[in-house]
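S.K.: The structure's right below; bear with me while I get my questions together.
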Amino acid sequence: MSGYLLITLALAALVMTFVGSARARATQNGASEKTHSRPIYHGLNAAIWTGVPAFIFFLLWLVGQSSVINQLVIASFPGSESLDATAKSLILSEVRQVAAGNIFKEPTPEIQAAVAHLKSLQQLSSVAIIAVVAAAMAIGAFLGYRVIGNRFRARHSVERSVTYFMMFSSLVAIVTTLGIISSLVFEAIQFFSKVPVTEFLFGLRWEPQIAIRADQVAGQGAFGVIPVLFGTFVISGIAMIVAVPTGILSAIYLTEYSDKRFRAVVKPLLEILAGVPTVVYGFFAVLTVAPAVRSLGLSLGIDASPNSALAAGAVMGVMIIPFISSLSDDALASVPRAMREGSYALGATKGETIRKVLLPAALPGIVGGVLLALSRAVGETMIVVMAAGLIAKMTVNPFDAVTTVTVQIVTLLIGDSEFDNPKTLAAFALGLILFIVTLILNLIALRTVRKYREKY
Amino acid sequence: MSSAAVTETMRNAGVNWHSDEMKARRKARYAADRRLQIYGMIAIAFALGFLAILVGSLTFTGYKAFTQTVATVEIDLSQAKVDPANIGEADWRGIVRNALRAQLPDLSRSDERKFFEMFTSSGQFLVRDAVVADPGRLKGVSSFTIPMADPVDQLAKGEIRRDVPESQRRVNDTQIGLYDQLVQKGIISTPFNWGLFFNADSRFPELAGLAGAISGSFWSLLVCFAISFPIGIAAAIYLEEFAPKNRLTDLIEVNINNLAAVPSVVFGLLGLAVFLGWLGLPRSAPLVGGFVLALMTLPTLIIVTRVSLKSVPSSIREAALGIGASKHEAIFHHILPLAMPTVMTGSIISLARALGETAPLLLIGMNAFITSPPDGVFAASTALPTQIYIWADSPERGFVSRTSAAILVLLAFLVLMNGIAIFLRQRFERRW
């Protein structure tokens with residue numbers, strides 16, 4: 001229904017564009033006074049007045065209706081005052097399931113009454129929004145049509161609307177950040193009311209699965225984040241060991257040694273590595289790399305875990321090669337020619353120039369790139385979800401399985417969306433840590449890169 | 001000899017560049033140079049080799065899922081008791097079993113059970129649906145294709161080896177014998193697996209397809225594009241052309257740069273808490289997926305658009321303003337159209353990125369098991385990458401090759417989108 005409503009809105013706005021400009025043209029023809037705006041602006045103005053208020057009503061309805069209906073349904077449910085939030089959401093989800101026709105057992109009369117109530121409310125709400133949108137469209141179209149005249153400054157009106165839209169759009173980025181921070185902090189505070197902050201930050205055991213049991217007292221030290229962070233940095237460390245030398249050396253080769261044609265072919269091919277979706281890397285790590293690592297471990301006499309840190313880390317390392325490579329490439333290319341040529345003039349070989357002149361000069365840029373890549377490795381999710389372990393262990397043995405922050409976030413949240421058990425809330429606390437760590441890494445990296453750019 | 005000492009000797013005594021010592025030094029220096037070059041080549045070879053192995057192994061495991069072993073069975077429906085007015089109610093299970101029985105008569109009871117296990121358990125529904133679609137088939141004999149069950153499919157494709165002991169493979173010796181008889185009768189074939197594209201998800205590998213995932217991805221990307229494209233361009237124009245230089249706009253710029261580097265899983269948490277938790281939007285819906293993807297692609301889109309706006313020479317703006325255009329007219333009639341090819345390229349590339357994004361979609365529940373394609377942005381659905389994740393987690397052997405096949409389909413879409421982007425860039429982009 002909302003789709004048809006949107007299409008109707010768009011069509012109405014389009015029609016008003018033509019109607020409005022036709023009327024403006026008619027009034028301008030043979031007018032003695034000077035006209036301010038071209039006909040098309042009168043049309044666009046009419047279209048904006050027709051479409052935009054109605055569209056805003058529609059958006060408000062879209063985001064608000066389901067929670068309002070939920071509130072009303074639960075309020076009318078017998079005995080709802082005494083229920084806690086969990087029971088309420090359980091009832092709601094059952095009502096919605098039954099209303100959608102997924103009946104597993106005969107619902108109780110209360111539920112059936114609630115379903116009937118829900119359905120009538122939904123019908124009411126859709127009738128209401130159609131009426132509201134239609135009314136807003138009609139009023140807007142009427143006013144927009146009536147206002148057309150030679151003296152009306154339609155262009156100013158349209159441009160003002162466009163400017164407001166642009167201002168609103170540029171605020172979206174801030175709203176997003178605020179949304180991220182507020183949702184993470186809000187849920188994390190709820191988590192910290194059940195598990196003390198100090199235990200979360202300094203605890204050495206991470207066993208969130210225990211907390212599902214009803215008799216479990218949350219906060220027995222099972223939510224210590226240290227081993228999870230440790231595992232994250234083990235895997236990211238392995239990734240960096242793979243990616244940093246490979247990335248920098250390939251950047252050196254591509255900028256300094258290779259001829260143009262080789263570079264033109266190889267650079268895009270390297271970029272492909274960054275474009276492959278991470279879920280593909282994850283599957284590849286499970287399918288090919290993990291068995292290979294396992295047999296490598298066996299041949300060394302080490303009992304490798306099937307989801308070893310080495311497999312996940314190595315694949316992740318390959319994924320971030322292009323980042324390091326292209327950022328190092330930029331850093332090397334922006335070293336002034338004079339430095340390079342001065343070094344050649346002193347009789348240095350190409351290799352000596354690279355090692356003694358170019359790399360030191362490009363170092364801040366390269367370090368910035370490496371930090372950006374590290375932040376990406378820390379936040380990378382699918383490879384580790386598929387290829388790394390679930391149990392938090394403090395080990396640096398690359399053949400052992402470790403877990404990461406992102407793995408825990410995903411496993412804690414998949415298939416479970418109740419917002420009041422510590423298991424779910426823990427994911428948001430982890431998310432907050434992840435956000436802060438990556439933010440700090442990014443800020444340092446951006447600052448290093450910028451500072452360096454100003455130097456030359 | 002230390003290098004300082006060498007310099008000292010050179011200064012004092014005049015250097016004999018042809019001495020053995022100097023020759024050795026030169027040789028060592030050139031060798032070091034060559035070593036660095038070789039390391040670079042090794043690094044590139046490692047990265048490209050990995051890419052080749054990645055694509056190679058996925059193709060190698062995936063290509064087999066593009067065919068499906070089926071049995072073509074003649075069924076005489078004129079004899080069967082089917083009420084043309086109520087086709088769905090007939091005993092399709094019995095009809096299909098009788099037709100299969102007729103292929104290999106005289107099987108013992110236990111063999112017969114093993115024989116039926118060789119076909120997909122949903123054969124009756126496929127035949128029923130085919131008849132519902134074409135009731136004319138009730139008049140006489142017509143042939144139906146029934147997919148073989150996953151183990152037999154694997155056997156036909158050589159994934160299950162016959163020389164493995166019976167206890168270690170999922171097809172027993174009796175079934176292999178029966179299979180060979182069916183092959184001799186010529187009713188087994190392996191046509192192209194259209195079901196991979198037109199079926200929705202299923203617990204049975206032989207019936208599982210990507211229709212739900214592809215349409216889910218389509219709806220999500222549509223929502224993502226509808227939001228991020230206008231908002232991204234508008235924000236970029238405002239920040240580049242209109243915004244006053246003050247604290248607020250500085251904050252916005254820092255924000256956009258940081259948002260572009262926030263891990264995608266954090267956007268998933270945002271979607272879960274805000275869109276599902278606070279606003280109560282439906283779980284697993286492409287609408288929410290599209291919202292989250294839009295928020296993720298916005299920063300990149302804004303950055304790309306700003307760069308392309310900046311690259312349009314200011315003489316164009318000044319010419320427009322000079323002949324009396326308003327600022328809006330100069331931008332929307334002249335600068336934006338000239339920047340558009342780059343903007344389109346950038347937005348297609350960021351859409352391609354959004355298509356491959358998995359983690360945020362997992363958190364908002366787009367990894368549900370859904371057996372019909374979504375009919376809109378509110379219906380529960382999966383997306384291509386989450387479908388890959390679901391299949392990769394499934395234990396059945398048949399899902400390994402299907403996962404690879406799904407990845408190949410996803411990669412094909414990505415190649416297509418990036419190809420369009422590159423084409424647009426080369427065809428329309430202007431260099432000033």
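As shown in the structure tokens, the chain order sets the letters A, B, ...; within each chain, residues go from 1, and ligands are also counted from 1 in the order they appear.
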Looking only at the backbone, which of the residues in segment 14-246 of chain B does DSSP tag as strand (DSSP E or B), as an NGL selection string?

M.R.: :B and (67 or 70-76 or 119 or 141-148 or 188-189 or 192)

S.K.: Determine, counting only C-alpha atoms, which protein, DNA and RNA residues have an atom within 12 Å of an atom of segment 295-297 of chain A; residues of the same chain fewer than 3 positions away are not included. Present the result as a list of chain:residue names.

M.R.: A:Thr288, A:Val289, A:Ala290, A:Pro291, A:Ala292, A:Leu300, A:Gly301, A:Ile302, A:Asp303, A:Ala304, A:Ser305, A:Pro306, A:Ser308, A:Leu310, A:Ala311, A:Asn397, A:Pro398, A:Phe399, A:Asp400

S.K.: Atoms to include: C-alpha atoms. Write the selected residues as a compact mmCIF listing (two decimals), in the first residue's frame.

M.R.:
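Written output follows (part23.txt):
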```txt
# COMPACT_ATOMS: atom_id res chain seq x y z
CA THR A 288 40.32 -23.68 1.49
CA VAL A 289 42.63 -21.85 3.87
CA ALA A 290 41.60 -23.43 7.18
CA PRO A 291 42.16 -27.02 5.97
CA ALA A 292 45.49 -25.94 4.49
CA LEU A 300 54.77 -29.34 11.95
CA GLY A 301 53.46 -31.60 14.67
CA ILE A 302 51.07 -28.99 16.05
CA ASP A 303 47.44 -29.81 16.56
CA ALA A 304 45.83 -26.92 14.70
CA SER A 305 42.28 -25.94 15.49
CA PRO A 306 39.85 -26.12 12.53
CA SER A 308 42.62 -21.23 13.75
CA LEU A 310 46.13 -18.04 11.45
CA ALA A 311 43.57 -18.87 8.75
CA ASN A 397 49.45 -19.56 19.36
CA PRO A 398 48.31 -18.82 15.80
CA PHE A 399 47.13 -22.40 15.35
CA ASP A 400 44.70 -22.07 18.23
```

S.K.: Using only C-alpha atoms, which protein or nucleic acid residues come within 12 Å of segment 183-187 of chain A? Drop anything in the same chain fewer than 5 positions from it, and give the result as an MDAnalysis selection string.

M.R.: (chainID A and resid 175:178 192:194 418:436) or (chainID B and resid 266:278)

S.K.: Enumerate as a ChimeraX atom specification all residues of segment 240-304 of chain B assigned to alpha helix (DSSP H) by DSSP on the backbone, naming them with the chain letters and numbers the document uses.

M.R.: /B:247-259,264-270,286-304

S.K.: Which residue, A:Pro277, A:Pro268, A:Gly79, A:Pro360, has the smallest gap to Ile422 of chain B when you use only C-alpha atoms?

M.R.: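 For Ile422 of chain B, the nearest of the candidates is A:Pro268.
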
S.K.: Excluding Ile69 of chain A and its own-chain neighbours fewer than 4 positions away, which residues fall within 12 Å of it when counting only C-alpha atoms? Please give them as JSON, numbers by chain.

M.R.: {"A": [61, 62, 63, 64, 65, 73, 74, 75, 76, 92, 95, 96, 114, 115, 117, 118, 119, 120, 121, 122, 123, 124, 125, 126], "B": [279, 280, 281]}

S.K.: Counting only C-alpha atoms, which residue out of A:Thr411, A:Ser170, A:Ser182, A:Thr255 sits closest to chain B?

M.R.: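 Of A:Thr411, A:Ser170, A:Ser182, A:Thr255, the one nearest chain B is A:Ser170, counting only C-alpha atoms.
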
S.K.: Let me make sure I understand: among B:Pro360, B:Gly290, B:Gly322, B:Pro341, which one has the smallest atom-to-atom distance to chain A if we use only C-alpha atoms?

M.R.: B:Pro360

S.K.: Show which residues sit within 10 Å of Val367 of chain A, as a short mmCIF file (atom, residue, chain, number, x, y, z; two decimals) with N, CA, C and O atoms, in the first residue's frame. Count only C-alpha atoms, and ignore same-chain residues fewer than 4 positions away.

M.R.:
```
data_model
loop_
_atom_site.label_atom_id
_atom_site.label_comp_id
_atom_site.auth_asym_id
_atom_site.auth_seq_id
_atom_site.Cartn_x
_atom_site.Cartn_y
_atom_site.Cartn_z
N VAL A 244 51.21 -5.77 5.82
CA VAL A 244 52.12 -4.62 5.78
C VAL A 244 53.29 -4.83 4.83
O VAL A 244 53.50 -4.03 3.91
N ILE A 324 46.77 -0.82 2.20
CA ILE A 324 48.14 -0.42 2.51
C ILE A 324 48.88 -0.08 1.23
O ILE A 324 49.59 0.92 1.13
N LEU A 327 47.63 3.33 -0.25
CA LEU A 327 48.01 4.49 0.56
C LEU A 327 49.52 4.70 0.54
O LEU A 327 50.00 5.84 0.50
N SER A 328 50.30 3.58 0.56
CA SER A 328 51.76 3.73 0.46
C SER A 328 52.14 4.29 -0.90
O SER A 328 53.07 5.09 -1.02
N ALA A 331 51.69 7.89 -0.79
CA ALA A 331 52.73 8.51 0.03
C ALA A 331 54.05 8.57 -0.74
O ALA A 331 54.74 9.60 -0.74
N ALA A 362 58.37 9.13 3.17
CA ALA A 362 56.96 8.76 3.03
C ALA A 362 56.43 8.10 4.30
O ALA A 362 55.26 7.72 4.35
N LEU A 363 57.28 7.94 5.30
CA LEU A 363 56.90 7.13 6.45
C LEU A 363 55.60 7.58 7.13
O LEU A 363 54.74 6.73 7.40
N LEU A 371 47.71 2.36 9.95
CA LEU A 371 46.74 2.51 11.04
C LEU A 371 45.31 2.39 10.53
O LEU A 371 44.46 1.76 11.16
N LEU A 372 45.05 3.00 9.36
CA LEU A 372 43.70 2.87 8.78
C LEU A 372 43.39 1.41 8.52
O LEU A 372 42.30 0.93 8.79
N ALA A 373 44.40 0.70 7.98
CA ALA A 373 44.20 -0.72 7.69
C ALA A 373 43.97 -1.50 8.98
O ALA A 373 43.14 -2.41 9.03
N ILE A 444 43.93 9.16 14.72
CA ILE A 444 45.40 9.23 14.67
C ILE A 444 45.87 9.12 13.23
O ILE A 444 46.72 9.89 12.76
N ALA A 445 45.28 8.18 12.50
CA ALA A 445 45.74 7.95 11.13
C ALA A 445 45.50 9.19 10.28
O ALA A 445 46.40 9.65 9.57
N THR A 448 47.93 11.90 11.19
CA THR A 448 49.29 11.64 10.68
C THR A 448 49.37 11.97 9.21
O THR A 448 50.30 12.64 8.75
N VAL A 449 48.38 11.48 8.47
CA VAL A 449 48.42 11.69 7.02
C VAL A 449 48.35 13.18 6.71
O VAL A 449 49.11 13.69 5.89
#
```

S.K.: Taking 5 positions as the minimum chain separation for residues in the same chain, which residues sit within 8 Å of Thr246 of chain A when counting only C-alpha atoms? Answer as a ChimeraX atom specification.

M.R.: /A:321,325 /B:40,43-44,46-47

S.K.: Give me, as a PyMOL selection string, all polymer residues having an atom no more than 12 Å from Gly237 of chain A, counting only C-alpha atoms and skipping those fewer than 5 positions away in the same chain.

M.R.: chain A and resi 229-232+242-244+309-310+312-314+316-317+370-371+373-375+377-378+396+398

S.K.: Given the selection you just returned, output its residues as a file containing all heavy atoms, formatted as a CSV table (one decimal), in the first residue's frame.

M.R.:
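Done, and the output landed in result-v5.csv:
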```
chain,number,residue,atom,x,y,z
A,229,LEU,N,39.2,-8.8,23.5
A,229,LEU,CA,40.1,-7.8,22.9
A,229,LEU,C,41.5,-8.4,22.5
A,229,LEU,O,42.0,-8.1,21.4
A,229,LEU,CB,40.4,-6.6,23.8
A,229,LEU,CG,39.2,-5.6,24.0
A,229,LEU,CD1,39.6,-4.5,25.0
A,229,LEU,CD2,38.9,-5.0,22.6
A,230,PHE,N,41.9,-9.3,23.3
A,230,PHE,CA,43.2,-9.9,23.1
A,230,PHE,C,43.1,-10.7,21.8
A,230,PHE,O,44.0,-10.6,20.9
A,230,PHE,CB,43.5,-10.9,24.3
A,230,PHE,CG,44.9,-11.5,24.2
A,230,PHE,CD1,45.9,-10.7,24.7
A,230,PHE,CD2,45.1,-12.7,23.7
A,230,PHE,CE1,47.2,-11.3,24.7
A,230,PHE,CE2,46.3,-13.3,23.7
A,230,PHE,CZ,47.4,-12.5,24.2
A,231,GLY,N,42.0,-11.5,21.7
A,231,GLY,CA,41.9,-12.3,20.4
A,231,GLY,C,41.8,-11.4,19.2
A,231,GLY,O,42.4,-11.7,18.2
A,232,THR,N,41.1,-10.3,19.3
A,232,THR,CA,40.9,-9.3,18.2
A,232,THR,C,42.3,-8.9,17.8
A,232,THR,O,42.6,-8.8,16.6
A,232,THR,CB,40.1,-8.1,18.7
A,232,THR,OG1,38.9,-8.5,19.2
A,232,THR,CG2,39.9,-7.2,17.5
A,242,VAL,N,50.8,-10.1,7.6
A,242,VAL,CA,50.7,-10.5,6.2
A,242,VAL,C,50.7,-9.3,5.3
A,242,VAL,O,51.3,-9.2,4.3
A,242,VAL,CB,49.4,-11.4,5.9
A,242,VAL,CG1,49.2,-11.6,4.5
A,242,VAL,CG2,49.6,-12.7,6.7
A,243,ALA,N,49.9,-8.3,5.7
A,243,ALA,CA,49.5,-7.2,4.8
A,243,ALA,C,50.6,-6.1,4.7
A,243,ALA,O,50.8,-5.6,3.6
A,243,ALA,CB,48.2,-6.6,5.2
A,244,VAL,N,51.2,-5.8,5.8
A,244,VAL,CA,52.1,-4.6,5.8
A,244,VAL,C,53.3,-4.8,4.8
A,244,VAL,O,53.5,-4.0,3.9
A,244,VAL,CB,52.6,-4.2,7.2
A,244,VAL,CG1,53.7,-3.2,7.2
A,244,VAL,CG2,51.4,-3.7,8.0
A,309,ALA,N,43.4,-19.0,14.4
A,309,ALA,CA,43.6,-17.6,14.2
A,309,ALA,C,44.4,-17.3,12.9
A,309,ALA,O,44.1,-16.3,12.3
A,309,ALA,CB,44.3,-17.0,15.4
A,310,LEU,N,45.3,-18.3,12.6
A,310,LEU,CA,46.1,-18.0,11.4
A,310,LEU,C,45.3,-18.0,10.2
A,310,LEU,O,45.5,-17.1,9.3
A,310,LEU,CB,47.2,-19.2,11.4
A,310,LEU,CG,48.2,-19.0,10.3
A,310,LEU,CD1,49.0,-17.7,10.4
A,310,LEU,CD2,49.2,-20.2,10.3
A,312,ALA,N,42.1,-17.2,9.7
A,312,ALA,CA,41.3,-16.0,9.6
A,312,ALA,C,42.2,-14.8,9.4
A,312,ALA,O,41.9,-13.9,8.6
A,312,ALA,CB,40.4,-15.8,10.9
A,313,GLY,N,43.3,-14.7,10.2
A,313,GLY,CA,44.2,-13.6,10.1
A,313,GLY,C,44.8,-13.4,8.8
A,313,GLY,O,44.9,-12.3,8.2
A,314,ALA,N,45.3,-14.6,8.2
A,314,ALA,CA,45.9,-14.5,6.9
A,314,ALA,C,45.0,-14.0,5.8
A,314,ALA,O,45.3,-13.1,5.0
A,314,ALA,CB,46.5,-15.9,6.5
A,316,MET,N,42.3,-12.2,6.2
A,316,MET,CA,42.0,-10.8,6.5
A,316,MET,C,43.2,-10.0,6.0
A,316,MET,O,43.0,-8.9,5.4
A,316,MET,CB,41.8,-10.6,8.0
A,316,MET,CG,41.2,-9.3,8.3
A,316,MET,SD,41.3,-9.0,10.0
A,316,MET,CE,39.9,-9.8,10.6
A,317,GLY,N,44.4,-10.5,6.2
A,317,GLY,CA,45.6,-9.7,5.7
A,317,GLY,C,45.6,-9.5,4.2
A,317,GLY,O,45.8,-8.4,3.8
A,370,VAL,N,48.8,2.3,7.4
A,370,VAL,CA,48.8,1.1,8.2
A,370,VAL,C,47.8,1.2,9.3
A,370,VAL,O,47.1,0.2,9.6
A,370,VAL,CB,50.2,0.8,8.7
A,370,VAL,CG1,50.2,-0.3,9.8
A,370,VAL,CG2,51.2,0.4,7.6
A,371,LEU,N,47.7,2.4,10.0
A,371,LEU,CA,46.7,2.5,11.0
A,371,LEU,C,45.3,2.4,10.5
A,371,LEU,O,44.5,1.8,11.2
A,371,LEU,CB,46.9,3.9,11.7
A,371,LEU,CG,48.1,3.9,12.7
A,371,LEU,CD1,48.3,5.3,13.2
A,371,LEU,CD2,48.0,2.9,13.8
A,373,ALA,N,44.4,0.7,8.0
A,373,ALA,CA,44.2,-0.7,7.7
A,373,ALA,C,44.0,-1.5,9.0
A,373,ALA,O,43.1,-2.4,9.0
A,373,ALA,CB,45.4,-1.3,6.9
A,374,LEU,N,44.7,-1.1,10.0
A,374,LEU,CA,44.5,-1.8,11.3
A,374,LEU,C,43.1,-1.6,11.8
A,374,LEU,O,42.4,-2.5,12.3
A,374,LEU,CB,45.5,-1.3,12.3
A,374,LEU,CG,45.4,-1.9,13.7
A,374,LEU,CD1,45.7,-3.4,13.7
A,374,LEU,CD2,46.4,-1.3,14.7
A,375,SER,N,42.6,-0.4,11.7
A,375,SER,CA,41.3,-0.1,12.2
A,375,SER,C,40.2,-0.9,11.4
A,375,SER,O,39.3,-1.4,11.9
A,375,SER,CB,41.0,1.4,12.1
A,375,SER,OG,39.8,1.6,11.4
A,377,ALA,N,40.9,-3.8,10.0
A,377,ALA,CA,41.0,-5.2,10.5
A,377,ALA,C,40.3,-5.5,11.8
A,377,ALA,O,39.7,-6.5,12.0
A,377,ALA,CB,42.5,-5.6,10.6
A,378,VAL,N,40.4,-4.5,12.7
A,378,VAL,CA,39.7,-4.6,14.0
A,378,VAL,C,38.2,-4.7,13.8
A,378,VAL,O,37.5,-5.5,14.4
A,378,VAL,CB,40.1,-3.5,14.9
A,378,VAL,CG1,39.3,-3.5,16.2
A,378,VAL,CG2,41.6,-3.6,15.3
A,396,VAL,N,48.6,-16.8,22.2
A,396,VAL,CA,49.2,-16.2,21.0
A,396,VAL,C,49.5,-17.2,20.0
A,396,VAL,O,50.1,-16.9,19.0
A,396,VAL,CB,50.4,-15.3,21.3
A,396,VAL,CG1,50.0,-14.0,22.0
A,396,VAL,CG2,51.4,-16.1,22.2
A,398,PRO,N,49.2,-19.1,17.0
A,398,PRO,CA,48.3,-18.8,15.8
A,398,PRO,C,47.5,-20.0,15.3
A,398,PRO,O,46.6,-19.9,14.5
A,398,PRO,CB,49.3,-18.4,14.7
A,398,PRO,CG,50.6,-18.9,15.2
A,398,PRO,CD,50.6,-19.0,16.7
```

S.K.: Return the single residue from A:Ile148, A:Leu83, A:Met137, A:Leu59 that is closest to chain B, with distances computed using only C-alpha atoms.

M.R.: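 Closest residue, counting only C-alpha atoms: A:Leu59.
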
S.K.: Measure the distance from atom CA of Val96 of chain B to atom CA of Glu74 of chain B in Å and round it to one decimal.

M.R.: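 For atom CA of Val96 of chain B relative to atom CA of Glu74 of chain B, the distance reads 9.9 Å.
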
S.K.: To one decimal in Å, tell me the separation between atom CA of Phe284 of chain A and atom CA of Glu396 of chain B.

M.R.: 17.2 Å

S.K.: Just checking: using only C-alpha atoms, which residue out of A:Lys260, A:Arg294, A:Arg155, A:Arg205 ends up closest to chain B?

M.R.: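 Of all the options, A:Arg155 lies closest to chain B.
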
S.K.: Just to confirm, what's the straight-line distance from atom CA of Thr349 of chain A to atom CA of Phe323 of chain A in Å (one decimal)?

M.R.: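 Calculated distance between atom CA of Thr349 of chain A and atom CA of Phe323 of chain A is 28.0 Å.
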